[in-house]
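Structure first, commentary second.
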Amino acid sequence: MNDPGPAHLLSETQRKLVGFAAAALALAVTVALLVGTVAGLGWLLGYFSGVLWPLAVAGILAVILRPAVDGIEARLKFHRVTAVVILYGLAAIVFTSFLVIVLPPLLAQLNELIHALPEYWQHALVWIRGHLPGGTNTIDEMMDSPTVQNLGNSLSAEAQKFLGSAATSMAVAGAGLLAVIGFVIHVLLVPFYLFFLLLLRPGGHATGPTASLDFLPPAFREDVTVLTREFVSIVVAFFRGQLLIGAILGGLYALGFTLVGLKFGFVVGLMIGLLNIVPYLGTLTCVATALPIALLQTGGGWQLAGFVLVMMGIVQALEGSLLTPKIMGHRTGLHPMAITVAILFWGKALGGIAGLVLAVPLTAFLVTAWRLIRKKYLTN
């Protein structure tokens with residue numbers, strides 16, 4: 001007789017269900033570990049954010065400015081300390097020129113814009129009454145609604161409560177003043193850290209990071225070296241490119257808006273350039289601020305709004321066809337949407353300034369690590 005063999009404890013279907021359950025459990029544990037790691041990292045960075053974000057800013061500035069220091073040192077045959085001092089002197093001249101030439105009209109227009117907001121609101125209501133008669137009734141009904149009134153009263157009460165507690169804290173403990181002093185001290189630490197980081201002379205390809213990692217196995221040491229170089233190249237390309245493009249766009253927008261007669265065009269243009277470091281945010285801010293001002297300012301209207309749109313189109317065309325390809329190219333490997341999501345994600349996960357400063361470097365590191373893993377370990 002044929003031996004039927006040992007009986008299986010589970011049927012084929014049951015084994016598949018158990019395997020699926022085990023895989024799902026492993027996936028859930030992995031996700032929980034990742035979430036816990038991010039949460040723990042966020043708490044740790046949040047706790048030490050006052051120490052970390054000045055170092056992070058100084059490190060980013062160091063990798064951006066190091067080629068300038070290397071050039072001054074090599075071409076002028078100066079000592080590296082002298083080269084750094086010369087760079088600081090040039091930065092002081094540029095900063096002083098900004099304070100003397102750009103800051104006064106910028107603050108004047110900003111102050112004027114703040115005081116003009118109630119007038120613009122009235123102009124907006126008049127415009128709605130003239131072009132959308134039904135819109136005024138809808139707004140009036142919304143403002144008379146008990147729900148909206150209760151919401152406004154609640155927000156007002158919360159604001160008064162917050163201001164009252166803040167005033168009490170400042171009066172009793174001086175916490176607000178201490179926070180401001182602490183922030184100023186952290187800002188002043190950035191050039192201090194930057195000075196010593198710029199003094200570090202980067203090694204060549206034969207030495208550099210590899211020479212400091214002799215304790216690691218050769219294969220892993222090479223991975224760390226490649227990962228470090230790719231990460232630094234992405235960070236440098238992004239920040240150097242975005243800051244330069246933002247400065248150029250801010251100047252072009254400020255000049256263009258001023259030429260077409262847009263009120264507060266100078267401050268709006270510079271604000272758009274500053275926000276350009278976050279993809280799409282500068283464009284959205286431009287549409288949300290420049291167009292309403294063009295429509296509502298005295299002497300404005302659809303013609304001025306059309307001029308503003310034409311100016312926006314010209315600047316955007318210059319950015320897309322000339323500035324971004326020439327300055328950024330494809331060196332970052334980070335899609336603008338990925339950068340936007342990264343800033344929102346890390347800003348929420350890490351909280352405060354540290355999350356915003358470290359968003360792009362952390363994303364660049366993860367992207368670089370994934371490329372290395374996929375190329376070396378996941379490709380047949």
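Scheme for the structure tokens: letters A, B, ... for chains in order shown; per-chain residue numbers from 1; ligand numbers from 1 in order shown.
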Original post:
Can you list, as a PyMOL selection string, every protein, DNA or RNA residue that comes within 12 Å of Ile373 (chain A) when you count only C-alpha atoms, leaving out same-chain residues fewer than 4 positions away?
Top reply: chain A and resi 220+223-224+226-227+366-369+377-379
Proximity of region 2-84 of chain A to region 90-105 of chain A: per-residue shortest pair, 12 Å limit, only C-alpha atoms, as JSON lines:
```
{"residue": "A:Leu65", "atom": "CA", "partner": "A:Ala91", "partner_atom": "CA", "distance": 10.9}
{"residue": "A:Ala68", "atom": "CA", "partner": "A:Leu90", "partner_atom": "CA", "distance": 11.2}
{"residue": "A:Val69", "atom": "CA", "partner": "A:Leu90", "partner_atom": "CA", "distance": 11.6}
{"residue": "A:Ile72", "atom": "CA", "partner": "A:Leu90", "partner_atom": "CA", "distance": 11.9}
{"residue": "A:Ala83", "atom": "CA", "partner": "A:Leu90", "partner_atom": "CA", "distance": 10.7}
{"residue": "A:Val84", "atom": "CA", "partner": "A:Leu90", "partner_atom": "CA", "distance": 9.9}
```
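Residue nearest Gly265 (chain A) within the list A:Val341, A:Leu61, A:Leu113, A:Val38: A:Leu113 [criterion: smallest interatomic distance, only C-alpha atoms].
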